[in-house]
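Visitor: Can you read through this structure? Questions will come right after.
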Amino acid sequence: AGLEMQALLRGGLQQAASCSSAFMLNAPGMTLLSIETSFNMLQRRWASKKAGGSSKNGRTSLPKMLGVKKLGGHDVIPGNIIVRQRGTRVRPGDNVGCGRDHTLWALTAGIVKFKWCTITKQNTVEVVPHAKYGDWCLHKALEARARLKVDAAMGMLGNAKFAYSFLPKEERLAALAKVKEAGEKVKTRAEKKGVVLRGAAPACEELEWAAQAQA
């Protein structure tokens, strides 16, 4: 039944084509070439989808992860990246290396310190060794004590204790003793001048443990 239906349809289409061709041949100005062209155009599949537009900003790239990776006061070891940047917005200082893409990294172990350079008018980052940074914080704490900025002095003593904690044991105990002594001086100064001390002195538990061990 399916084959017979296909044969009937094919015969009907051929008969319609012969009738239309006869009609076109009888029409004035029609030739066989124009009839074939007309049938080819009828059988052609024309485009039915609209062409897409072009874009100039269709590209994308991976993030470069620029910025400061280690803030001031952070502990670093050799090889730690401190700043990723394009151009030398932050200049390398002591114990800081600079790559060809202007990445700054630590050359030695220590504490990161940012400062403003009055000569180049730019920020400079350096890595200060732990002992030197602790001595600098201790000095700043005593200066703040002299100006009756006792809370700032206690904060600098806390930074000094943090820096001294990376030293070997014998050096660390001697440095913590200096921190404890400076804390007592700040307390005495605050009580004598009647200044309210909001922050507590940094606790030096390791000194107490060492004293108990010796006892």
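Lettering and numbering for the structure tokens are positional, with chains as A, B, ... in the shown order, residues counted from 1 in each chain, and ligands counted from 1 in the shown order.
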Please run DSSP on the backbone and report, as a PyMOL selection string, all residues within region 138-213 of chain A that come out as helix (DSSP H, G or I).
Guide: chain A and resi 138-146+150-164+169-193+205-213
Visitor: As a CSV table (one decimal) with all heavy atoms, in the first residue's frame, please: the residues near region 170-183 of chain A (cut-off 12 Å, only C-alpha atoms, same-chain neighbours under 4 positions excluded).
Guide:
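Result written to out.csv:
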```csv
chain,number,residue,atom,x,y,z
A,130,HIS,N,64.3,39.7,62.1
A,130,HIS,CA,63.5,39.7,63.3
A,130,HIS,C,64.1,40.4,64.5
A,130,HIS,O,63.4,41.2,65.2
A,130,HIS,CB,63.2,38.2,63.7
A,130,HIS,CG,62.5,37.4,62.7
A,130,HIS,ND1,63.0,36.5,61.9
A,130,HIS,CD2,61.2,37.5,62.3
A,130,HIS,CE1,62.1,36.0,61.1
A,130,HIS,NE2,61.0,36.6,61.3
A,131,ALA,N,65.4,40.2,64.7
A,131,ALA,CA,66.0,40.9,65.9
A,131,ALA,C,66.0,42.4,65.7
A,131,ALA,O,65.7,43.2,66.6
A,131,ALA,CB,67.4,40.4,66.1
A,132,LYS,N,66.4,42.8,64.5
A,132,LYS,CA,66.4,44.3,64.2
A,132,LYS,C,65.0,44.9,64.3
A,132,LYS,O,64.9,46.0,64.8
A,132,LYS,CB,67.0,44.5,62.8
A,132,LYS,CG,67.3,46.0,62.5
A,132,LYS,CD,67.9,46.1,61.1
A,132,LYS,CE,68.1,47.6,60.8
A,132,LYS,NZ,68.8,47.7,59.4
A,133,TYR,N,64.0,44.2,63.8
A,133,TYR,CA,62.7,44.7,63.8
A,133,TYR,C,62.2,44.8,65.3
A,133,TYR,O,61.5,45.8,65.7
A,133,TYR,CB,61.7,43.9,63.0
A,133,TYR,CG,60.3,44.4,62.8
A,133,TYR,CD1,60.0,45.4,61.9
A,133,TYR,CD2,59.3,43.9,63.7
A,133,TYR,CE1,58.8,45.9,61.8
A,133,TYR,CE2,58.0,44.4,63.5
A,133,TYR,CZ,57.7,45.4,62.6
A,133,TYR,OH,56.5,45.9,62.5
A,134,GLY,N,62.5,43.8,66.1
A,134,GLY,CA,62.1,43.8,67.5
A,134,GLY,C,62.7,45.0,68.2
A,134,GLY,O,62.1,45.7,69.0
A,135,ASP,N,64.0,45.2,68.0
A,135,ASP,CA,64.7,46.4,68.6
A,135,ASP,C,64.1,47.7,68.2
A,135,ASP,O,63.9,48.6,69.0
A,135,ASP,CB,66.2,46.4,68.3
A,135,ASP,CG,66.9,45.1,68.8
A,135,ASP,OD1,66.4,44.5,69.8
A,135,ASP,OD2,68.0,44.8,68.3
A,136,TRP,N,63.7,47.8,66.9
A,136,TRP,CA,63.1,49.0,66.4
A,136,TRP,C,61.7,49.3,67.1
A,136,TRP,O,61.4,50.4,67.5
A,136,TRP,CB,62.9,48.9,64.9
A,136,TRP,CG,62.2,50.1,64.3
A,136,TRP,CD1,62.8,51.3,64.0
A,136,TRP,CD2,60.8,50.2,63.9
A,136,TRP,NE1,61.8,52.2,63.4
A,136,TRP,CE2,60.7,51.5,63.4
A,136,TRP,CE3,59.8,49.3,63.9
A,136,TRP,CZ2,59.4,51.9,62.9
A,136,TRP,CZ3,58.6,49.8,63.5
A,136,TRP,CH2,58.4,51.0,62.9
A,137,CYS,N,60.9,48.2,67.2
A,137,CYS,CA,59.6,48.3,67.9
A,137,CYS,C,59.8,48.7,69.4
A,137,CYS,O,59.1,49.5,69.9
A,137,CYS,CB,58.8,47.0,67.8
A,137,CYS,SG,58.3,46.7,66.1
A,138,LEU,N,60.8,48.1,70.0
A,138,LEU,CA,61.1,48.4,71.4
A,138,LEU,C,61.5,49.9,71.6
A,138,LEU,O,61.1,50.6,72.5
A,138,LEU,CB,62.2,47.5,71.9
A,138,LEU,CG,62.4,47.5,73.4
A,138,LEU,CD1,61.2,47.0,74.2
A,138,LEU,CD2,63.6,46.6,73.8
A,139,HIS,N,62.3,50.4,70.7
A,139,HIS,CA,62.7,51.8,70.7
A,139,HIS,C,61.5,52.7,70.5
A,139,HIS,O,61.3,53.7,71.2
A,139,HIS,CB,63.7,52.1,69.6
A,139,HIS,CG,64.2,53.5,69.5
A,139,HIS,ND1,64.9,54.1,70.5
A,139,HIS,CD2,63.9,54.4,68.5
A,139,HIS,CE1,65.1,55.4,70.1
A,139,HIS,NE2,64.5,55.6,68.9
A,140,LYS,N,60.6,52.4,69.5
A,140,LYS,CA,59.4,53.2,69.3
A,140,LYS,C,58.5,53.1,70.5
A,140,LYS,O,57.8,54.1,70.8
A,140,LYS,CB,58.7,52.7,68.1
A,140,LYS,CG,59.4,52.9,66.8
A,140,LYS,CD,59.4,54.4,66.5
A,140,LYS,CE,60.1,54.7,65.2
A,140,LYS,NZ,60.2,56.2,64.9
A,141,ALA,N,58.4,52.0,71.2
A,141,ALA,CA,57.6,51.9,72.4
A,141,ALA,C,58.1,52.9,73.5
A,141,ALA,O,57.3,53.5,74.2
A,141,ALA,CB,57.6,50.5,72.9
A,142,LEU,N,59.4,52.9,73.7
A,142,LEU,CA,59.9,53.8,74.7
A,142,LEU,C,59.7,55.3,74.3
A,142,LEU,O,59.5,56.2,75.2
A,142,LEU,CB,61.4,53.5,74.9
A,142,LEU,CG,61.7,52.2,75.5
A,142,LEU,CD1,63.2,51.9,75.6
A,142,LEU,CD2,61.1,52.0,76.9
A,143,GLU,N,59.8,55.6,73.0
A,143,GLU,CA,59.5,57.0,72.6
A,143,GLU,C,58.0,57.3,72.8
A,143,GLU,O,57.7,58.4,73.3
A,143,GLU,CB,59.8,57.1,71.1
A,143,GLU,CG,61.3,57.2,70.7
A,143,GLU,CD,61.5,57.4,69.3
A,143,GLU,OE1,60.5,57.4,68.5
A,143,GLU,OE2,62.7,57.7,68.9
A,144,ALA,N,57.1,56.4,72.6
A,144,ALA,CA,55.7,56.6,72.9
A,144,ALA,C,55.5,56.8,74.4
A,144,ALA,O,54.6,57.6,74.8
A,144,ALA,CB,54.9,55.5,72.3
A,145,ARG,N,56.2,56.1,75.2
A,145,ARG,CA,56.1,56.2,76.6
A,145,ARG,C,56.5,57.6,77.1
A,145,ARG,O,55.8,58.2,78.0
A,145,ARG,CB,56.9,55.1,77.3
A,145,ARG,CG,57.2,55.4,78.8
A,145,ARG,CD,58.1,54.3,79.4
A,145,ARG,NE,58.5,54.7,80.7
A,145,ARG,CZ,59.6,55.4,81.0
A,145,ARG,NH1,60.4,55.9,80.0
A,145,ARG,NH2,59.9,55.7,82.3
A,146,ALA,N,57.5,58.1,76.5
A,146,ALA,CA,58.0,59.5,76.8
A,146,ALA,C,57.0,60.5,76.5
A,146,ALA,O,56.9,61.5,77.2
A,146,ALA,CB,59.3,59.8,76.2
A,150,VAL,N,50.7,55.7,76.1
A,150,VAL,CA,51.0,54.4,76.7
A,150,VAL,C,50.3,53.3,75.9
A,150,VAL,O,50.9,52.2,75.8
A,150,VAL,CB,50.5,54.4,78.2
A,150,VAL,CG1,51.4,55.4,79.0
A,150,VAL,CG2,49.0,54.9,78.3
A,151,ASP,N,49.1,53.5,75.3
A,151,ASP,CA,48.5,52.4,74.6
A,151,ASP,C,49.3,52.1,73.3
A,151,ASP,O,49.4,51.0,72.9
A,151,ASP,CB,47.1,52.9,74.2
A,151,ASP,CG,46.1,52.9,75.4
A,151,ASP,OD1,46.3,52.0,76.3
A,151,ASP,OD2,45.3,53.8,75.5
A,152,ALA,N,49.8,53.2,72.6
A,152,ALA,CA,50.6,52.9,71.5
A,152,ALA,C,51.9,52.2,71.9
A,152,ALA,O,52.4,51.4,71.1
A,152,ALA,CB,50.9,54.3,70.8
A,153,ALA,N,52.4,52.6,73.0
A,153,ALA,CA,53.7,51.9,73.5
A,153,ALA,C,53.4,50.4,73.7
A,153,ALA,O,54.3,49.6,73.4
A,153,ALA,CB,54.1,52.6,74.8
A,154,MET,N,52.3,50.1,74.3
A,154,MET,CA,51.9,48.7,74.5
A,154,MET,C,51.8,47.9,73.2
A,154,MET,O,52.2,46.8,73.1
A,154,MET,CB,50.7,48.5,75.4
A,154,MET,CG,50.9,48.9,76.8
A,154,MET,SD,52.1,47.8,77.6
A,154,MET,CE,52.0,48.5,79.3
A,155,GLY,N,51.2,48.6,72.2
A,155,GLY,CA,51.1,48.0,70.9
A,155,GLY,C,52.4,47.7,70.3
A,155,GLY,O,52.6,46.6,69.7
A,156,MET,N,53.4,48.6,70.4
A,156,MET,CA,54.7,48.4,69.8
A,156,MET,C,55.4,47.3,70.6
A,156,MET,O,56.2,46.5,70.0
A,156,MET,CB,55.5,49.7,69.9
A,156,MET,CG,54.9,50.8,69.0
A,156,MET,SD,54.7,50.3,67.3
A,156,MET,CE,56.4,50.1,66.8
A,157,LEU,N,55.2,47.2,71.9
A,157,LEU,CA,55.8,46.1,72.6
A,157,LEU,C,55.2,44.7,72.2
A,157,LEU,O,56.0,43.7,72.2
A,157,LEU,CB,55.5,46.3,74.1
A,157,LEU,CG,56.3,47.4,74.8
A,157,LEU,CD1,55.9,47.6,76.3
A,157,LEU,CD2,57.8,47.2,74.7
A,158,GLY,N,53.9,44.7,71.9
A,158,GLY,CA,53.4,43.5,71.3
A,158,GLY,C,54.0,43.1,70.0
A,158,GLY,O,54.3,41.9,69.7
A,159,ASN,N,54.3,44.1,69.1
A,159,ASN,CA,55.0,43.8,67.9
A,159,ASN,C,56.4,43.3,68.1
A,159,ASN,O,56.9,42.5,67.4
A,159,ASN,CB,55.0,45.1,67.0
A,159,ASN,CG,53.6,45.5,66.5
A,159,ASN,OD1,52.7,44.6,66.5
A,159,ASN,ND2,53.4,46.7,66.2
A,160,ALA,N,57.1,43.9,69.1
A,160,ALA,CA,58.4,43.5,69.4
A,160,ALA,C,58.4,42.0,69.9
A,160,ALA,O,59.3,41.3,69.5
A,160,ALA,CB,59.0,44.4,70.5
A,161,LYS,N,57.5,41.7,70.8
A,161,LYS,CA,57.4,40.3,71.2
A,161,LYS,C,57.2,39.3,70.1
A,161,LYS,O,57.8,38.3,70.0
A,161,LYS,CB,56.2,40.2,72.2
A,161,LYS,CG,56.0,38.8,72.7
A,161,LYS,CD,54.7,38.6,73.5
A,161,LYS,CE,54.5,37.2,73.8
A,161,LYS,NZ,53.1,37.0,74.5
A,162,PHE,N,56.3,39.7,69.1
A,162,PHE,CA,56.1,38.9,67.9
A,162,PHE,C,57.4,38.7,67.1
A,162,PHE,O,57.7,37.6,66.7
A,162,PHE,CB,55.0,39.5,67.1
A,162,PHE,CG,54.8,38.8,65.8
A,162,PHE,CD1,54.1,37.6,65.7
A,162,PHE,CD2,55.2,39.4,64.6
A,162,PHE,CE1,53.9,36.9,64.5
A,162,PHE,CE2,55.0,38.7,63.4
A,162,PHE,CZ,54.4,37.5,63.3
A,163,ALA,N,58.1,39.7,66.9
A,163,ALA,CA,59.4,39.6,66.2
A,163,ALA,C,60.4,38.8,66.9
A,163,ALA,O,61.1,38.0,66.3
A,163,ALA,CB,59.9,41.0,65.9
A,164,TYR,N,60.5,39.0,68.2
A,164,TYR,CA,61.5,38.2,69.0
A,164,TYR,C,61.1,36.7,69.1
A,164,TYR,O,62.0,35.9,69.4
A,164,TYR,CB,61.6,38.8,70.4
A,164,TYR,CG,62.3,40.1,70.5
A,164,TYR,CD1,61.9,41.1,71.4
A,164,TYR,CD2,63.4,40.4,69.7
A,164,TYR,CE1,62.5,42.3,71.5
A,164,TYR,CE2,64.0,41.6,69.7
A,164,TYR,CZ,63.6,42.6,70.6
A,164,TYR,OH,64.3,43.8,70.7
A,165,SER,N,59.9,36.4,68.9
A,165,SER,CA,59.5,35.0,69.0
A,165,SER,C,60.1,34.1,67.9
A,165,SER,O,60.1,32.9,68.1
A,165,SER,CB,57.9,34.9,68.9
A,165,SER,OG,57.5,35.3,67.7
A,166,PHE,N,60.7,34.7,66.9
A,166,PHE,CA,61.3,33.9,65.8
A,166,PHE,C,62.8,33.6,66.1
A,166,PHE,O,63.5,33.0,65.3
A,166,PHE,CB,61.1,34.5,64.5
A,166,PHE,CG,59.7,34.6,64.0
A,166,PHE,CD1,58.9,35.7,64.3
A,166,PHE,CD2,59.1,33.5,63.4
A,166,PHE,CE1,57.6,35.8,63.9
A,166,PHE,CE2,57.8,33.6,63.0
A,166,PHE,CZ,57.0,34.7,63.3
A,187,LYS,N,53.9,50.9,82.5
A,187,LYS,CA,52.8,50.9,83.5
A,187,LYS,C,53.2,52.0,84.6
A,187,LYS,O,52.3,52.7,85.1
A,187,LYS,CB,52.8,49.5,84.2
A,187,LYS,CG,52.0,48.5,83.3
A,187,LYS,CD,51.9,47.2,84.1
A,187,LYS,CE,51.2,46.1,83.3
A,187,LYS,NZ,51.1,44.9,84.0
A,188,THR,N,54.4,52.0,85.0
A,188,THR,CA,54.8,53.0,86.1
A,188,THR,C,54.6,54.4,85.6
A,188,THR,O,54.1,55.2,86.4
A,188,THR,CB,56.3,52.7,86.5
A,188,THR,OG1,56.5,51.4,86.8
A,188,THR,CG2,56.7,53.6,87.6
A,189,ARG,N,55.0,54.7,84.4
A,189,ARG,CA,54.8,56.0,83.8
A,189,ARG,C,53.3,56.4,83.8
A,189,ARG,O,53.0,57.5,84.1
A,189,ARG,CB,55.4,56.0,82.4
A,189,ARG,CG,55.2,57.4,81.7
A,189,ARG,CD,56.2,58.4,82.1
A,189,ARG,NE,56.2,59.5,81.2
A,189,ARG,CZ,56.9,60.6,81.4
A,189,ARG,NH1,57.8,60.7,82.4
A,189,ARG,NH2,56.8,61.6,80.5
A,190,ALA,N,52.5,55.5,83.4
A,190,ALA,CA,51.0,55.8,83.3
A,190,ALA,C,50.4,56.0,84.7
A,190,ALA,O,49.6,56.9,84.9
A,190,ALA,CB,50.3,54.6,82.6
A,197,LEU,N,45.4,53.4,81.3
A,197,LEU,CA,46.0,52.4,80.4
A,197,LEU,C,44.9,51.4,80.0
A,197,LEU,O,44.5,50.6,80.8
A,197,LEU,CB,47.2,51.7,81.1
A,197,LEU,CG,48.0,50.7,80.2
A,197,LEU,CD1,48.6,51.4,79.0
A,197,LEU,CD2,49.1,50.0,81.0
A,199,GLY,N,45.1,49.1,77.3
A,199,GLY,CA,45.6,47.8,76.9
A,199,GLY,C,46.5,47.2,77.9
A,199,GLY,O,47.1,47.9,78.7
A,200,ALA,N,46.6,45.9,77.9
A,200,ALA,CA,47.5,45.2,78.9
A,200,ALA,C,48.9,45.0,78.3
A,200,ALA,O,49.1,45.0,77.1
A,200,ALA,CB,46.8,43.9,79.2
A,201,ALA,N,49.8,44.8,79.2
A,201,ALA,CA,51.2,44.6,78.7
A,201,ALA,C,51.3,43.2,78.1
A,201,ALA,O,50.5,42.3,78.5
A,201,ALA,CB,52.1,44.7,79.9
A,202,PRO,N,52.1,43.0,77.1
A,202,PRO,CA,52.2,41.7,76.5
A,202,PRO,C,52.7,40.7,77.5
A,202,PRO,O,53.7,40.9,78.2
A,202,PRO,CB,53.2,41.9,75.3
A,202,PRO,CG,54.0,43.2,75.7
A,202,PRO,CD,53.0,44.0,76.4
A,203,ALA,N,52.0,39.5,77.5
A,203,ALA,CA,52.4,38.5,78.5
A,203,ALA,C,53.6,37.7,78.0
A,203,ALA,O,53.7,37.4,76.8
A,203,ALA,CB,51.2,37.5,78.7
A,204,CYS,N,54.6,37.5,78.9
A,204,CYS,CA,55.8,36.8,78.5
A,204,CYS,C,55.8,35.5,79.3
A,204,CYS,O,56.5,35.3,80.3
A,204,CYS,CB,57.0,37.6,78.8
A,204,CYS,SG,57.1,39.2,77.9
A,205,GLU,N,54.9,34.5,78.9
A,205,GLU,CA,54.8,33.3,79.6
A,205,GLU,C,56.1,32.4,79.5
A,205,GLU,O,56.4,31.7,80.5
A,205,GLU,CB,53.6,32.5,79.1
A,205,GLU,CG,52.3,33.2,79.1
A,205,GLU,CD,52.0,33.9,77.8
A,205,GLU,OE1,53.0,34.1,77.0
A,205,GLU,OE2,50.9,34.4,77.7
A,206,GLU,N,56.8,32.6,78.4
A,206,GLU,CA,58.0,31.7,78.3
A,206,GLU,C,59.0,32.1,79.3
A,206,GLU,O,59.8,31.2,79.8
A,206,GLU,CB,58.6,32.0,76.9
A,206,GLU,CG,59.6,30.9,76.5
A,206,GLU,CD,60.0,31.0,75.0
A,206,GLU,OE1,59.4,31.8,74.3
A,206,GLU,OE2,60.9,30.2,74.6
A,207,LEU,N,59.1,33.3,79.8
A,207,LEU,CA,60.0,33.7,80.9
A,207,LEU,C,59.7,33.0,82.2
A,207,LEU,O,60.5,32.5,82.9
A,207,LEU,CB,60.1,35.2,81.1
A,207,LEU,CG,60.7,36.0,79.9
A,207,LEU,CD1,60.5,37.5,80.2
A,207,LEU,CD2,62.2,35.7,79.8
A,208,GLU,N,58.4,32.9,82.4
A,208,GLU,CA,57.9,32.2,83.7
A,208,GLU,C,58.2,30.7,83.6
A,208,GLU,O,58.6,30.1,84.6
A,208,GLU,CB,56.4,32.5,83.9
A,208,GLU,CG,56.1,34.0,84.0
A,208,GLU,CD,54.6,34.2,84.1
A,208,GLU,OE1,53.8,33.2,84.1
A,208,GLU,OE2,54.2,35.4,84.3
A,209,TRP,N,58.0,30.2,82.4
A,209,TRP,CA,58.2,28.7,82.2
A,209,TRP,C,59.7,28.4,82.4
A,209,TRP,O,60.1,27.4,83.0
A,209,TRP,CB,57.7,28.3,80.9
A,209,TRP,CG,56.3,28.5,80.6
A,209,TRP,CD1,55.3,28.6,81.6
A,209,TRP,CD2,55.6,28.5,79.4
A,209,TRP,NE1,54.1,28.7,81.0
A,209,TRP,CE2,54.2,28.7,79.6
A,209,TRP,CE3,56.0,28.5,78.0
A,209,TRP,CZ2,53.3,28.8,78.6
A,209,TRP,CZ3,55.1,28.6,77.0
A,209,TRP,CH2,53.7,28.8,77.3
A,210,ALA,N,60.5,29.3,81.8
A,210,ALA,CA,62.0,29.1,82.0
A,210,ALA,C,62.4,29.2,83.4
A,210,ALA,O,63.3,28.4,83.9
A,210,ALA,CB,62.7,30.1,81.1
A,211,ALA,N,61.8,30.2,84.2
A,211,ALA,CA,62.2,30.3,85.6
A,211,ALA,C,61.7,29.1,86.4
A,211,ALA,O,62.4,28.7,87.3
A,211,ALA,CB,61.5,31.6,86.2
```
Visitor: Record the distance separating CA of Ile119 (chain A) and CA of Arg89 (chain A), expressed in Å with one decimal.
Guide: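 Computing the Euclidean distance for CA of Ile119 (chain A) and CA of Arg89 (chain A) yields 14.3 Å.
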Visitor: Any chance you could list, as a VMD selection string, the residues in region 42-207 of chain A that come up strand (DSSP E) when DSSP is run on the backbone?
Guide: chain A and resid 67 to 68 75 to 76 81 to 84 90 to 92 96 to 98 104 to 106 110 to 117 122 to 128
Visitor: Could you check how far CA of Thr124 (chain A) sits from CA of Met65 (chain A), in Å to one decimal?
Guide: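 CA of Met65 (chain A) lies at a distance of 20.4 Å from CA of Thr124 (chain A).
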Visitor: For CA of Pro78 (chain A) and CA of Asp94 (chain A), quote the distance in Å rounded to one decimal.
Guide: 12.9 Å
